[in-house]
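K.L.:
For reference, this is entry-v6.txt, and it has compact mmCIF, N, CA and C atoms.
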# COMPACT_ATOMS: atom_id res chain seq x y z
N LYS A 1 -5.09 101.85 64.86
CA LYS A 1 -4.43 101.45 66.09
C LYS A 1 -2.99 101.94 66.12
N GLU A 2 -2.29 101.88 65.02
CA GLU A 2 -0.90 102.33 64.97
C GLU A 2 -0.80 103.83 65.24
N GLU A 3 -1.75 104.59 64.72
CA GLU A 3 -1.77 106.05 64.95
C GLU A 3 -1.95 106.34 66.44
N PHE A 4 -2.82 105.59 67.07
CA PHE A 4 -3.05 105.74 68.50
C PHE A 4 -1.76 105.47 69.29
N LEU A 5 -1.10 104.37 68.95
CA LEU A 5 0.12 104.01 69.66
C LEU A 5 1.22 105.03 69.45
N THR A 6 1.32 105.58 68.25
CA THR A 6 2.32 106.60 67.96
C THR A 6 2.03 107.86 68.77
N ALA A 7 0.77 108.28 68.80
CA ALA A 7 0.39 109.47 69.57
C ALA A 7 0.66 109.24 71.05
N LEU A 8 0.33 108.06 71.55
CA LEU A 8 0.55 107.75 72.95
C LEU A 8 2.05 107.75 73.28
N ALA A 9 2.85 107.18 72.40
CA ALA A 9 4.31 107.15 72.60
C ALA A 9 4.87 108.57 72.63
N THR A 10 4.37 109.44 71.78
CA THR A 10 4.82 110.83 71.76
C THR A 10 4.47 111.54 73.07
N LEU A 11 3.26 111.34 73.53
CA LEU A 11 2.85 111.95 74.79
C LEU A 11 3.67 111.40 75.96
N ARG A 12 3.93 110.11 75.95
CA ARG A 12 4.73 109.51 77.02
C ARG A 12 6.16 110.04 77.00
N GLU A 13 6.69 110.27 75.84
CA GLU A 13 8.03 110.83 75.73
C GLU A 13 8.07 112.24 76.31
N GLN A 14 7.01 113.00 76.11
CA GLN A 14 6.92 114.34 76.70
C GLN A 14 6.91 114.24 78.23
N ILE A 15 6.16 113.27 78.76
CA ILE A 15 6.12 113.03 80.21
C ILE A 15 7.52 112.66 80.71
N ASN A 16 8.20 111.77 80.00
CA ASN A 16 9.55 111.36 80.39
C ASN A 16 10.49 112.56 80.46
N HIS A 17 10.39 113.42 79.48
CA HIS A 17 11.24 114.62 79.43
C HIS A 17 10.95 115.52 80.64
N LEU A 18 9.70 115.74 80.92
CA LEU A 18 9.32 116.58 82.06
C LEU A 18 9.76 115.95 83.38
N ASP A 19 9.62 114.63 83.50
CA ASP A 19 10.08 113.94 84.72
C ASP A 19 11.58 114.14 84.90
N ASP A 20 12.34 114.04 83.81
CA ASP A 20 13.79 114.27 83.89
C ASP A 20 14.10 115.69 84.36
N GLU A 21 13.37 116.66 83.83
CA GLU A 21 13.56 118.05 84.24
C GLU A 21 13.23 118.24 85.72
N LEU A 22 12.14 117.64 86.17
CA LEU A 22 11.76 117.75 87.58
C LEU A 22 12.84 117.18 88.49
N LEU A 23 13.38 116.03 88.13
CA LEU A 23 14.43 115.41 88.94
C LEU A 23 15.70 116.26 88.96
N THR A 24 16.04 116.84 87.84
CA THR A 24 17.20 117.73 87.78
C THR A 24 16.99 118.94 88.69
N ILE A 25 15.83 119.53 88.62
CA ILE A 25 15.52 120.69 89.46
C ILE A 25 15.51 120.30 90.94
N LEU A 26 14.94 119.15 91.28
CA LEU A 26 14.95 118.70 92.67
C LEU A 26 16.38 118.48 93.16
N GLY A 27 17.23 117.95 92.32
CA GLY A 27 18.64 117.77 92.68
C GLY A 27 19.31 119.11 92.94
N GLN A 28 19.01 120.10 92.12
CA GLN A 28 19.55 121.45 92.33
C GLN A 28 19.04 122.03 93.64
N ARG A 29 17.77 121.80 93.92
CA ARG A 29 17.18 122.30 95.16
C ARG A 29 17.88 121.69 96.37
N MET A 30 18.19 120.41 96.32
CA MET A 30 18.86 119.76 97.44
C MET A 30 20.29 120.27 97.63
N LYS A 31 20.95 120.64 96.55
CA LYS A 31 22.28 121.23 96.68
C LYS A 31 22.20 122.55 97.43
N ILE A 32 21.15 123.31 97.18
CA ILE A 32 20.95 124.56 97.91
C ILE A 32 20.61 124.26 99.37
N SER A 33 19.81 123.22 99.61
CA SER A 33 19.51 122.80 100.98
C SER A 33 20.79 122.42 101.72
N ASP A 34 21.72 121.79 101.02
CA ASP A 34 23.02 121.46 101.62
C ASP A 34 23.74 122.73 102.06
N LYS A 35 23.74 123.74 101.20
CA LYS A 35 24.40 125.00 101.54
C LYS A 35 23.72 125.67 102.73
N ILE A 36 22.39 125.59 102.77
CA ILE A 36 21.65 126.14 103.91
C ILE A 36 22.03 125.37 105.18
N GLY A 37 22.15 124.05 105.06
CA GLY A 37 22.56 123.24 106.21
C GLY A 37 23.95 123.63 106.71
N GLU A 38 24.87 123.90 105.79
CA GLU A 38 26.21 124.33 106.18
C GLU A 38 26.14 125.68 106.91
N TYR A 39 25.33 126.58 106.41
CA TYR A 39 25.17 127.89 107.04
C TYR A 39 24.56 127.74 108.44
N LYS A 40 23.54 126.90 108.54
CA LYS A 40 22.89 126.69 109.84
C LYS A 40 23.87 126.06 110.83
N ARG A 41 24.66 125.11 110.38
CA ARG A 41 25.64 124.48 111.27
C ARG A 41 26.66 125.51 111.75
N ALA A 42 27.16 126.31 110.83
CA ALA A 42 28.18 127.31 111.17
C ALA A 42 27.64 128.39 112.11
N ASN A 43 26.34 128.63 112.06
CA ASN A 43 25.74 129.70 112.87
C ASN A 43 24.84 129.18 113.99
N ASN A 44 24.93 127.86 114.24
CA ASN A 44 24.17 127.22 115.32
C ASN A 44 22.68 127.54 115.23
N ILE A 45 22.10 127.31 114.07
CA ILE A 45 20.68 127.54 113.82
C ILE A 45 20.01 126.18 113.66
N THR A 46 18.81 126.03 114.23
CA THR A 46 18.11 124.75 114.11
C THR A 46 17.66 124.52 112.66
N ILE A 47 17.53 123.26 112.32
CA ILE A 47 17.14 122.91 110.95
C ILE A 47 15.73 123.38 110.64
N LEU A 48 14.79 123.02 111.51
CA LEU A 48 13.39 123.35 111.23
C LEU A 48 13.11 124.81 111.55
N GLN A 49 12.69 125.53 110.54
CA GLN A 49 12.29 126.93 110.67
C GLN A 49 10.81 126.99 110.30
N THR A 50 9.96 126.89 111.30
CA THR A 50 8.52 126.71 111.09
C THR A 50 7.90 127.82 110.25
N ASN A 51 8.26 129.06 110.52
CA ASN A 51 7.69 130.17 109.74
C ASN A 51 8.03 130.03 108.26
N ARG A 52 9.28 129.69 107.97
CA ARG A 52 9.70 129.53 106.57
C ARG A 52 8.94 128.36 105.93
N TRP A 53 8.81 127.26 106.66
CA TRP A 53 8.09 126.10 106.13
C TRP A 53 6.65 126.46 105.81
N ASN A 54 5.99 127.15 106.72
CA ASN A 54 4.60 127.55 106.48
C ASN A 54 4.48 128.46 105.27
N GLU A 55 5.43 129.36 105.11
CA GLU A 55 5.45 130.26 103.95
C GLU A 55 5.59 129.48 102.65
N ILE A 56 6.51 128.55 102.62
CA ILE A 56 6.72 127.72 101.42
C ILE A 56 5.46 126.94 101.08
N LEU A 57 4.87 126.31 102.09
CA LEU A 57 3.69 125.48 101.86
C LEU A 57 2.51 126.31 101.37
N GLN A 58 2.25 127.43 101.99
CA GLN A 58 1.11 128.27 101.58
C GLN A 58 1.30 128.81 100.16
N LYS A 59 2.52 129.23 99.86
CA LYS A 59 2.81 129.71 98.50
C LYS A 59 2.63 128.58 97.49
N GLY A 60 3.07 127.38 97.86
CA GLY A 60 2.93 126.23 96.97
C GLY A 60 1.47 125.87 96.74
N ILE A 61 0.67 125.92 97.78
CA ILE A 61 -0.76 125.61 97.64
C ILE A 61 -1.43 126.63 96.72
N GLN A 62 -1.10 127.89 96.88
CA GLN A 62 -1.69 128.93 96.03
C GLN A 62 -1.28 128.76 94.57
N ARG A 63 0.00 128.55 94.35
CA ARG A 63 0.49 128.37 92.97
C ARG A 63 -0.03 127.07 92.37
N GLY A 64 -0.10 126.04 93.19
CA GLY A 64 -0.63 124.77 92.72
C GLY A 64 -2.08 124.88 92.29
N ALA A 65 -2.87 125.62 93.05
CA ALA A 65 -4.28 125.81 92.69
C ALA A 65 -4.40 126.49 91.34
N LYS A 66 -3.54 127.46 91.09
CA LYS A 66 -3.56 128.16 89.79
C LYS A 66 -3.19 127.22 88.65
N ALA A 67 -2.41 126.19 88.97
CA ALA A 67 -1.99 125.22 87.96
C ALA A 67 -2.94 124.04 87.87
N GLY A 68 -4.04 124.08 88.65
CA GLY A 68 -5.02 123.01 88.60
C GLY A 68 -4.66 121.80 89.45
N LEU A 69 -3.80 121.99 90.46
CA LEU A 69 -3.37 120.89 91.32
C LEU A 69 -4.09 120.99 92.66
N SER A 70 -4.45 119.86 93.21
CA SER A 70 -5.20 119.85 94.47
C SER A 70 -4.28 120.22 95.64
N GLU A 71 -4.91 120.76 96.67
CA GLU A 71 -4.17 121.11 97.88
C GLU A 71 -3.57 119.86 98.51
N ASP A 72 -4.28 118.76 98.48
CA ASP A 72 -3.79 117.50 99.02
C ASP A 72 -2.50 117.07 98.32
N PHE A 73 -2.49 117.12 97.00
CA PHE A 73 -1.30 116.74 96.24
C PHE A 73 -0.13 117.67 96.57
N ILE A 74 -0.39 118.97 96.57
CA ILE A 74 0.68 119.93 96.83
C ILE A 74 1.25 119.73 98.23
N THR A 75 0.39 119.50 99.19
CA THR A 75 0.85 119.28 100.56
C THR A 75 1.72 118.02 100.64
N LYS A 76 1.30 116.94 100.02
CA LYS A 76 2.10 115.71 100.01
C LYS A 76 3.44 115.91 99.30
N TYR A 77 3.40 116.61 98.18
CA TYR A 77 4.62 116.88 97.42
C TYR A 77 5.60 117.70 98.27
N PHE A 78 5.13 118.80 98.83
CA PHE A 78 6.02 119.65 99.61
C PHE A 78 6.47 118.97 100.90
N ASP A 79 5.63 118.14 101.50
CA ASP A 79 6.06 117.37 102.67
C ASP A 79 7.23 116.46 102.30
N ALA A 80 7.14 115.80 101.16
CA ALA A 80 8.21 114.90 100.72
C ALA A 80 9.50 115.67 100.42
N VAL A 81 9.37 116.78 99.74
CA VAL A 81 10.54 117.61 99.42
C VAL A 81 11.16 118.15 100.70
N HIS A 82 10.31 118.61 101.61
CA HIS A 82 10.79 119.16 102.88
C HIS A 82 11.52 118.09 103.70
N LEU A 83 10.97 116.90 103.75
CA LEU A 83 11.61 115.81 104.48
C LEU A 83 12.99 115.49 103.89
N GLU A 84 13.08 115.46 102.59
CA GLU A 84 14.37 115.19 101.94
C GLU A 84 15.37 116.31 102.25
N SER A 85 14.89 117.54 102.25
CA SER A 85 15.74 118.68 102.59
C SER A 85 16.25 118.57 104.03
N ILE A 86 15.36 118.20 104.94
CA ILE A 86 15.75 118.00 106.34
C ILE A 86 16.79 116.89 106.46
N ASN A 87 16.59 115.80 105.72
CA ASN A 87 17.56 114.70 105.72
C ASN A 87 18.93 115.18 105.26
N HIS A 88 18.96 115.98 104.20
CA HIS A 88 20.23 116.52 103.70
C HIS A 88 20.89 117.38 104.78
N GLN A 89 20.11 118.26 105.41
CA GLN A 89 20.65 119.15 106.42
C GLN A 89 21.10 118.38 107.67
N ASN A 90 20.37 117.34 108.03
CA ASN A 90 20.78 116.51 109.17
C ASN A 90 22.14 115.87 108.93
N LYS A 91 22.37 115.38 107.71
CA LYS A 91 23.67 114.78 107.38
C LYS A 91 24.78 115.80 107.56
N ILE A 92 24.52 117.02 107.15
CA ILE A 92 25.54 118.07 107.28
C ILE A 92 25.75 118.43 108.75
N MET A 93 24.66 118.57 109.50
CA MET A 93 24.76 118.91 110.92
C MET A 93 25.52 117.85 111.69
N ASN A 94 25.38 116.60 111.28
CA ASN A 94 26.00 115.49 112.00
C ASN A 94 27.35 115.05 111.44
N SER A 95 27.86 115.82 110.49
CA SER A 95 29.17 115.42 109.90
C SER A 95 30.32 116.17 110.53
Let me see whether you can do it: turn the structure in this file into structure tokens.
P.N.:
Amino acid sequence: KEEFLTALATLREQINHLDDELLTILGQRMKISDKIGEYKRANNITILQTNRWNEILQKGIQRGAKAGLSEDFITKYFDAVHLESINHQNKIMNS
């Protein structure tokens, strides 16, 4: 039983490390979204760029499939990331 718990703790620590990396990368992504928002505000460009969004989503679904992730999961993930990006850009547009 102790061996099992040790192995499980090790695997969970690996998950924790990866979660930390994902959050760091998402934070970096939002900083870039902020810069895009500043550019869009300065150039009077709308936040939602449908063609770009579709490109990101399709590329994500393809890459996700190669990584063994379902299309449903990838779509939900990218929807959440996209919404957060829009929120960041809205704050910039309205400041």
K.L.:
So how many Å separate atom C of Met93 (chain A) and atom N of Ser33 (chain A), to one decimal?
P.N.:
14.4 Å
K.L.:
Have a look at CA of Gly37 (chain A) and CA of Lys59 (chain A) and let me know their distance in Å, one decimal.
P.N.:
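Computed distance, CA of Gly37 (chain A) to CA of Lys59 (chain A), equals 22.2 Å.
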K.L.:
I'd like the interatomic distance between atom C of Gln89 (chain A) and atom N of Ile61 (chain A), to a tenth of an Å.
P.N.:
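These two atoms are separated by 23.9 Å.
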K.L.:
Using only C-alpha atoms, which of the listed residues (A:Phe78, A:Glu21, A:Ile15, A:Met30) sits closest to Gly64 (chain A)?
P.N.:
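Residue with the minimum atom-to-atom distance to Gly64 (chain A): A:Phe78.
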K.L.:
Please return, as an mmCIF file with N, CA and C atoms, keeping the file's coordinate frame, all polymer residues that have at least one atom within 9 Å of the point (20.4, 118.9, 112.9); use only C-alpha atoms and the file's own coordinate frame.
P.N.:
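Dumped everything to selection.cif:
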data_model
loop_
_atom_site.group_PDB
_atom_site.id
_atom_site.type_symbol
_atom_site.label_atom_id
_atom_site.label_comp_id
_atom_site.auth_asym_id
_atom_site.auth_seq_id
_atom_site.Cartn_x
_atom_site.Cartn_y
_atom_site.Cartn_z
ATOM 1 N N GLY A 37 22.150 124.050 105.060
ATOM 2 C CA GLY A 37 22.560 123.240 106.210
ATOM 3 C C GLY A 37 23.950 123.630 106.710
ATOM 4 N N LYS A 40 23.540 126.900 108.540
ATOM 5 C CA LYS A 40 22.890 126.690 109.840
ATOM 6 C C LYS A 40 23.870 126.060 110.830
ATOM 7 N N ARG A 41 24.660 125.110 110.380
ATOM 8 C CA ARG A 41 25.640 124.480 111.270
ATOM 9 C C ARG A 41 26.660 125.510 111.750
ATOM 10 N N ILE A 45 22.100 127.310 114.070
ATOM 11 C CA ILE A 45 20.680 127.540 113.820
ATOM 12 C C ILE A 45 20.010 126.180 113.660
ATOM 13 N N THR A 46 18.810 126.030 114.230
ATOM 14 C CA THR A 46 18.110 124.750 114.110
ATOM 15 C C THR A 46 17.660 124.520 112.660
ATOM 16 N N ILE A 47 17.530 123.260 112.320
ATOM 17 C CA ILE A 47 17.140 122.910 110.950
ATOM 18 C C ILE A 47 15.730 123.380 110.640
ATOM 19 N N LEU A 48 14.790 123.020 111.510
ATOM 20 C CA LEU A 48 13.390 123.350 111.230
ATOM 21 C C LEU A 48 13.110 124.810 111.550
ATOM 22 N N ILE A 86 15.360 118.200 104.940
ATOM 23 C CA ILE A 86 15.750 118.000 106.340
ATOM 24 C C ILE A 86 16.790 116.890 106.460
ATOM 25 N N ASN A 87 16.590 115.800 105.720
ATOM 26 C CA ASN A 87 17.560 114.700 105.720
ATOM 27 C C ASN A 87 18.930 115.180 105.260
ATOM 28 N N GLN A 89 20.110 118.260 105.410
ATOM 29 C CA GLN A 89 20.650 119.150 106.420
ATOM 30 C C GLN A 89 21.100 118.380 107.670
ATOM 31 N N ASN A 90 20.370 117.340 108.030
ATOM 32 C CA ASN A 90 20.780 116.510 109.170
ATOM 33 C C ASN A 90 22.140 115.870 108.930
ATOM 34 N N LYS A 91 22.370 115.380 107.710
ATOM 35 C CA LYS A 91 23.670 114.780 107.380
ATOM 36 C C LYS A 91 24.780 115.800 107.560
ATOM 37 N N ILE A 92 24.520 117.020 107.150
ATOM 38 C CA ILE A 92 25.540 118.070 107.280
ATOM 39 C C ILE A 92 25.750 118.430 108.750
ATOM 40 N N MET A 93 24.660 118.570 109.500
ATOM 41 C CA MET A 93 24.760 118.910 110.920
ATOM 42 C C MET A 93 25.520 117.850 111.690
ATOM 43 N N ASN A 94 25.380 116.600 111.280
ATOM 44 C CA ASN A 94 26.000 115.490 112.000
ATOM 45 C C ASN A 94 27.350 115.050 111.440
#
K.L.:
Assuming 6 Å of padding per side, give the centre and edge lengths of the axis-aligned box around every listed atom of region 8-13 of chain A, in Å to one decimal and as lines of an AutoDock Vina configuration file.
P.N.:
center_x = 4.2
center_y = 109.7
center_z = 74.3
size_x = 19.7
size_y = 17.1
size_z = 17.5
K.L.:
Which residues come within 8 Å of Thr75 (chain A), counting all atoms listed in the file, excluding same-chain residues fewer than 6 positions away, as a PyMOL selection string?
P.N.:
chain A and resi 57+60-61+81
